[in-house]
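All remarks here apply to the structure that follows.
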Amino acid sequence: MTAIALFGPATDAEVCALRDRLESRGAEPWVIDLARFPAILQVSLADTAVTVDSRDLFSSRAAFVRGRGVVIPDYAHYDGRRVVASPDAWRGLHGEYSRYVVEERGRQAVRASVIARLERVRPVVNSLAANDQHRLKTVLLRRLSRAGVPVPPFVIGTERAALRKFALEADGGVVDKPTAGVYKTKVWTEERWREHPWRSRAAFYQHRISGDTIRCYVVAGKLVASAAILHEDTVDSSASQTGIRVLELPEPAGEVLQRCAALLGLHFCGIDLMHDRTANRYFVVDCNMSPMFVNFSRQSGIDIAGLLADHLLELAGTPRHAALAPLAAARDILARDPDIRAMLRRDRRHGTRRHCVAVVGRKNDEHVTSIVRELEERSCDCRLVDMYNYPRYNLLTQGDAVTYDDIHVAGELAFDKAELLFIRALPSAPSPTPSNTEGLRRAGLADRAAFASVCSLLTRLGGRAAMVNSLAASAFHRLKPYQYRLLAARGVPVPATMTTANLEAARRFVEGIDGGAVVKPCTSGTRVVMADEAFFRSAARLHGARPWLFQQFVSGASYRAYVLGGTVASFAELHFDRAEVDWRERVTGATPTAAPDMLVAQIGTAVETLGLAYCSIDIEYDNRTRAYYLLDLNPAGLYTGWSRLVGCNMAALIADYLVGVMDHGGRLWQRTWKGTGDEQRET
Amino acid sequence: MKVLVIAPPGELRNHLCALMAERGCAPVALGRREVFDEGQLVVTERDLLWHGVSLLEGTDGAVVLDSGYMWPQPVLAPSAQEWERYRENLDEYLRNERESASLWYSTLGILNFDLPVCINPQSAFEAAAFKPAAFDALRASGVAVAPYVCSNDSEEVAAFMGRGGPTFAVVPDGDGAVTPLSALPDDLTSRPAFLVKTDSTDIVRVVAVDGEIVHGPPDPPVPAIDTLRGIHDALAMPLAGLTFSLAGVPVLVDFTPSPDLSMLGEGELGTIAGLLVDRIGRAR
């Protein structure tokens, strides 16, 4: 397992997000909080080895520096209060404080040395030298300016008259900035200039650019995200930020950002631009070497942590997963369709900016818990509705209103605020069989009752909240003959299929197919086997008691795709022992790859046809016909195992998609095609 | 030839400037505190002005004797007067320190970047601030460095001390005395130990410029000279204060890019001035 060192506090939101993404990609995140050294963390640097808590530091293949554990105070956290101390008491603290500072410098030498030692043998994002530039704005801006990167003219210094002259000569005014971060930027005024403590610190003035503040993220030399910072009337956008608006920058601006990152030697950075609308020019005003990105990701739907995790794994020598570029495409698709956004906004009844999602599924299902965790990480209120607890639910239909007195989650009505329902799994409706006990029979009946009532409820809710997936779309999982017919009618390649309980007819169908056929369940849960003599002998004993789905056997290479909003979010070739027809539970590995364009188009048609906002699709490439066939579309495709297998956090991608739908609107593929040609109609 | 001398104001700076002037150059002196006391520094994207005059234009090099701050440790221990002044407003003190450090270190960075030669460059001061990492860099460059350990793990430290030969404690983050150690240091969870091993308790200190020893024992062994030149190459530190153990195979025990020149005699200081001027002159 590839270990990636993450230098920073384990409680830091960015570290947590990156840790999760690395874990979901099958890597081992190793969080090293150097601030805990030397009180708790044990570090030994010797000429032969470096160990952290007795572990070889070089066992990590790459590293990310979120924080280097500097605990020398660089500003006091008063929270509006001042330290009140008598002169004597204050004097008494001087020695202690000075000793602390001196000792802390020694400790910092060790912390920095740990990272520096690792830098010598492993890729580190970002290096100590690159990180240091953050507090050396003078050097940073000067380097950029001299390299031709547009930077607003600036001056830093202690000569009062020269700085005032600079301010007065600037046409659009100037701003008064800190030289080393932390403090807010202010509009320059004569009064501020007069009151500046010139004998204690320098002043930093920069031409004021009126326009949009744009935050951009660059990973591995590529611009991956950009958004305008929405804020109130403050010159420093961070002082009054209310949200972001994702936007695409024109190519020249993107090139500036990439050049900026390259000049400063940064694998990863957050760059702040100002867009001068009048002159249509972009200026670099700041560059953060370890920017925060979790809130930005929540608001934009762009998985910065995932992209960074991919880059770290790439640096570590692990192949990069290809899932995230399609995600950006999905986001674009979502952004173009305002209809559902309008519906969602209209129905958001509580006026809160937090989204509320009801996740329907089993409480202990790791798929459910992971999606709930990811949604909560994106500031969503989640209502987990465990339909297997149906006996507690008391569903009553009264005219047009549905009341559901007992569906409470954490004291609140489960669906009351939900603007989107994510159906992970509905309770199954097992029919009692002759071999069932009486208890099982009763349970089966109860399940059917619950299923019916829950479906009634969800059907009604579907009218006012978006559902992923709708009940109609979900039903296709158990209606495979219908699924295949609709797909074939829309021109999506599916293998030749016959569903019948007539074994003689089936035998003729099978014999007429070159290469043989397989037998599949019409619903799910049964193994796929070859339609050979052994099968027919076995099936004959049932005397036509059940229908079978016979399908042309196609074989060559097996793939699985995960599709969100009509876009392929993850795609990989599966490896398994091909002596077996049914590969479920036999997959030994998967190779993430890019889906061919033609297949992507077919997938798009298929999910639109079936109205699936989310699904997994099993695909086979047939060596004989040299065509891809869609074998099964699963509206409740399992994803945690897939995430581990291919190193792609599907729960995060789904959460990103759901939040993207709620934020920006988008097509949920809720149109279900009922036929072809003249028979086409929508529900 | 115009040369900047970056050092605190005082007799040593005046003396060194005078000796350099005698050797045909025009020194301009600047100290960290003067930036604020005199209030005459201006930095723009194009220039660095001091009293209205460019410090970059026509300047052939800089000699940095005092870097002032070791980035990213911007906070210096406050003097008693400063502590008194900022009572009930420590925030103001910390902000001033932070931003002053940013300006000063940026100024040194600009000199380092723009001037043909800078003795010593910032990287040398950073190496001294992060000495455990620098020891590894030196060792990897082939310099004979004393075996060392830097740890807060008492078992590791005890095991290291248990190996044969005397043990010395070295300051990991800058200048300080190299002190012999006989007992396990206490309070490792507060102050990690940075220890080196030598073959002998005899250690010597030298001051060298560009591989030439100006102050130190006469006729040092050749391996020590090689080590010294190796340091120059590995850390790009033309002016260096070095501590050696000369018993057996000479090994480096400690180094500093800002040796205490006040302990040097008149002749030695003159030699240093001459070597520095020569080096800057060669880079023109």
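Identifiers in this document derive from the order of the structure tokens: chains are assigned A, B, ..., residues are numbered from 1 separately in each chain, and ligands are numbered from 1 in order of occurrence.
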Residues at most 6 Å from Cys150 in chain B, counting only C-alpha atoms, excluding those fewer than 4 positions away in the same chain, as a list in words?
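The contact residues come out as Ser44 and Leu45 of chain A; Ala193 and Phe194 of chain B.
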Which residues come within 10 Å of Leu276 in chain B, counting only C-alpha atoms, excluding same-chain residues fewer than 3 positions away, as a list in words?
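Near Leu276 in chain B, the qualifying residues are Val3, Met20, Gly61, Ala62, Val63, Ile119, Val209, Asp210, Pro238, Leu239, Gly270, Thr271, Ile272, Ala273, Arg279, Ile280, Gly281 and Arg282 of chain B.
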Return as a ChimeraX atom specification the full set of residues in range 47-128 of chain B whose backbone-based DSSP assignment is strand (DSSP E).
/B:48-50,53-54,59-64,118-119
Just to be explicit: take each residue in the selection above, keep N, CA, C and O atoms, and write the result as an mmCIF file, in the first residue's frame.
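See out.cif below for the written result:
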```
data_model
loop_
_atom_site.group_PDB
_atom_site.id
_atom_site.type_symbol
_atom_site.label_atom_id
_atom_site.label_comp_id
_atom_site.auth_asym_id
_atom_site.auth_seq_id
_atom_site.Cartn_x
_atom_site.Cartn_y
_atom_site.Cartn_z
ATOM 1 N N LEU B 48 15.239 48.533 -5.028
ATOM 2 C CA LEU B 48 15.387 48.518 -3.577
ATOM 3 C C LEU B 48 16.150 49.790 -3.224
ATOM 4 O O LEU B 48 17.319 49.942 -3.581
ATOM 5 N N LEU B 49 15.448 50.716 -2.572
ATOM 6 C CA LEU B 49 16.049 52.029 -2.320
ATOM 7 C C LEU B 49 16.336 52.211 -0.835
ATOM 8 O O LEU B 49 15.521 51.835 0.022
ATOM 9 N N TRP B 50 17.474 52.806 -0.559
ATOM 10 C CA TRP B 50 17.852 53.143 0.813
ATOM 11 C C TRP B 50 18.298 54.599 0.809
ATOM 12 O O TRP B 50 19.214 54.935 0.081
ATOM 13 N N VAL B 53 18.473 55.984 -2.658
ATOM 14 C CA VAL B 53 19.492 55.493 -3.603
ATOM 15 C C VAL B 53 19.304 53.997 -3.799
ATOM 16 O O VAL B 53 19.066 53.263 -2.836
ATOM 17 N N SER B 54 19.427 53.564 -5.030
ATOM 18 C CA SER B 54 19.244 52.145 -5.317
ATOM 19 C C SER B 54 20.361 51.319 -4.674
ATOM 20 O O SER B 54 21.554 51.633 -4.813
ATOM 21 N N THR B 59 25.714 47.931 -7.717
ATOM 22 C CA THR B 59 26.274 47.206 -6.572
ATOM 23 C C THR B 59 26.829 45.864 -7.040
ATOM 24 O O THR B 59 26.161 45.133 -7.770
ATOM 25 N N ASP B 60 28.025 45.558 -6.602
ATOM 26 C CA ASP B 60 28.701 44.351 -7.107
ATOM 27 C C ASP B 60 28.476 43.133 -6.230
ATOM 28 O O ASP B 60 28.675 42.003 -6.665
ATOM 29 N N GLY B 61 28.095 43.373 -5.012
ATOM 30 C CA GLY B 61 27.871 42.216 -4.145
ATOM 31 C C GLY B 61 27.520 42.645 -2.737
ATOM 32 O O GLY B 61 27.474 43.842 -2.427
ATOM 33 N N ALA B 62 27.217 41.665 -1.915
ATOM 34 C CA ALA B 62 26.868 41.964 -0.527
ATOM 35 C C ALA B 62 27.572 40.971 0.396
ATOM 36 O O ALA B 62 27.799 39.810 0.024
ATOM 37 N N VAL B 63 27.911 41.472 1.564
ATOM 38 C CA VAL B 63 28.453 40.605 2.618
ATOM 39 C C VAL B 63 27.437 40.642 3.756
ATOM 40 O O VAL B 63 27.192 41.701 4.331
ATOM 41 N N VAL B 64 26.839 39.507 4.032
ATOM 42 C CA VAL B 64 25.802 39.445 5.072
ATOM 43 C C VAL B 64 26.414 38.776 6.301
ATOM 44 O O VAL B 64 26.693 37.577 6.294
ATOM 45 N N CYS B 118 26.576 37.169 -3.214
ATOM 46 C CA CYS B 118 26.097 37.446 -1.867
ATOM 47 C C CYS B 118 26.819 36.498 -0.916
ATOM 48 O O CYS B 118 26.730 35.274 -1.061
ATOM 49 N N ILE B 119 27.543 37.079 0.025
ATOM 50 C CA ILE B 119 28.316 36.255 0.972
ATOM 51 C C ILE B 119 27.821 36.590 2.385
ATOM 52 O O ILE B 119 27.991 37.697 2.829
#
```
Could you state the separation of CA of Leu247 in chain A and CA of Val224 in chain A in Å, given to one decimal place?
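Between these atoms lies a distance of 11.2 Å.
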In Å to one decimal, how far is CA of Ala62 in chain A from CA of Asp310 in chain A?
11.6 Å
Could you pull the residues within 7 Å of range 21-35 of chain A, counting only C-alpha atoms, minus those fewer than 5 positions along the same chain, as number ranges by chain?
A: 1-10, 68-71, 111, 305-306, 309, 643-644, 646-649
Close residues, Ser297 in chain A itself excluded, 12 Å, only C-alpha atoms, min 3 positions apart in chain, as number ranges by chain:
A: 13-14, 17-18, 215-217, 224-227, 243-246, 292-294, 300-307, 374-375, 377-379, 652-653, 655-657, 659-660
Neighbouring residues of Arg117 in chain A were defined as those with any atom within 10 Å, considering only C-alpha atoms; residues of the same chain fewer than 5 positions away were excluded. Please report them as a list in words.
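The residues satisfying every condition are Leu45, Ala49, Val50, Leu57, Phe58, Ala112 and Arg122 of chain A; Pro132, Ala133, Ala134, Phe135, Asp136 and Ala137 of chain B.
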Atoms to include: N, CA, C and O atoms. Write the selected residues as an mmCIF file, in the first residue's frame.
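Here's the written file result.cif:
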```cif
data_model
loop_
_atom_site.group_PDB
_atom_site.id
_atom_site.type_symbol
_atom_site.label_atom_id
_atom_site.label_comp_id
_atom_site.auth_asym_id
_atom_site.auth_seq_id
_atom_site.Cartn_x
_atom_site.Cartn_y
_atom_site.Cartn_z
ATOM 1 N N LEU A 45 16.308 11.928 14.122
ATOM 2 C CA LEU A 45 17.061 12.091 12.882
ATOM 3 C C LEU A 45 18.488 11.671 13.172
ATOM 4 O O LEU A 45 19.114 12.200 14.099
ATOM 5 N N ALA A 49 19.198 7.111 9.581
ATOM 6 C CA ALA A 49 17.751 6.942 9.389
ATOM 7 C C ALA A 49 16.992 8.105 10.019
ATOM 8 O O ALA A 49 17.527 8.836 10.853
ATOM 9 N N VAL A 50 15.743 8.245 9.603
ATOM 10 C CA VAL A 50 14.836 9.200 10.240
ATOM 11 C C VAL A 50 13.578 8.435 10.620
ATOM 12 O O VAL A 50 12.975 7.764 9.774
ATOM 13 N N LEU A 57 10.618 7.236 8.217
ATOM 14 C CA LEU A 57 9.990 8.343 7.488
ATOM 15 C C LEU A 57 9.952 8.072 5.991
ATOM 16 O O LEU A 57 8.997 8.432 5.300
ATOM 17 N N PHE A 58 10.987 7.398 5.513
ATOM 18 C CA PHE A 58 11.085 7.193 4.064
ATOM 19 C C PHE A 58 10.180 6.070 3.568
ATOM 20 O O PHE A 58 10.182 5.754 2.374
ATOM 21 N N ALA A 112 11.479 21.244 10.818
ATOM 22 C CA ALA A 112 11.810 21.576 9.429
ATOM 23 C C ALA A 112 12.795 20.562 8.862
ATOM 24 O O ALA A 112 12.727 20.208 7.680
ATOM 25 N N ARG A 122 12.144 12.110 -1.496
ATOM 26 C CA ARG A 122 10.768 11.890 -1.947
ATOM 27 C C ARG A 122 10.165 13.208 -2.431
ATOM 28 O O ARG A 122 10.530 14.274 -1.927
ATOM 29 N N PRO B 132 20.043 19.828 11.635
ATOM 30 C CA PRO B 132 19.998 18.374 11.403
ATOM 31 C C PRO B 132 19.842 18.029 9.921
ATOM 32 O O PRO B 132 20.434 17.073 9.438
ATOM 33 N N ALA B 133 19.058 18.825 9.203
ATOM 34 C CA ALA B 133 18.901 18.567 7.767
ATOM 35 C C ALA B 133 20.188 18.907 7.027
ATOM 36 O O ALA B 133 20.587 18.208 6.095
ATOM 37 N N ALA B 134 20.837 19.994 7.452
ATOM 38 C CA ALA B 134 22.073 20.404 6.784
ATOM 39 C C ALA B 134 23.167 19.347 6.974
ATOM 40 O O ALA B 134 23.964 19.094 6.060
ATOM 41 N N PHE B 135 23.221 18.730 8.150
ATOM 42 C CA PHE B 135 24.227 17.684 8.382
ATOM 43 C C PHE B 135 24.043 16.549 7.376
ATOM 44 O O PHE B 135 25.004 15.994 6.853
ATOM 45 N N ASP B 136 22.796 16.240 7.113
ATOM 46 C CA ASP B 136 22.518 15.159 6.151
ATOM 47 C C ASP B 136 22.949 15.573 4.753
ATOM 48 O O ASP B 136 23.522 14.778 4.008
ATOM 49 N N ALA B 137 22.671 16.843 4.412
ATOM 50 C CA ALA B 137 23.059 17.330 3.086
ATOM 51 C C ALA B 137 24.578 17.303 2.940
ATOM 52 O O ALA B 137 25.111 16.930 1.893
#
```
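When only C-alpha atoms are used to measure the gap to chain B, the shortest distance among A:Pro521, A:Pro592, A:Pro87, A:Gly157 belongs to A:Gly157.
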Residue with smallest distance to chain A - pool B:Leu264, B:Ala224, B:Ala7, B:Ala140, counting only C-alpha atoms:
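Under the stated criterion, the closest residue is B:Ala140.
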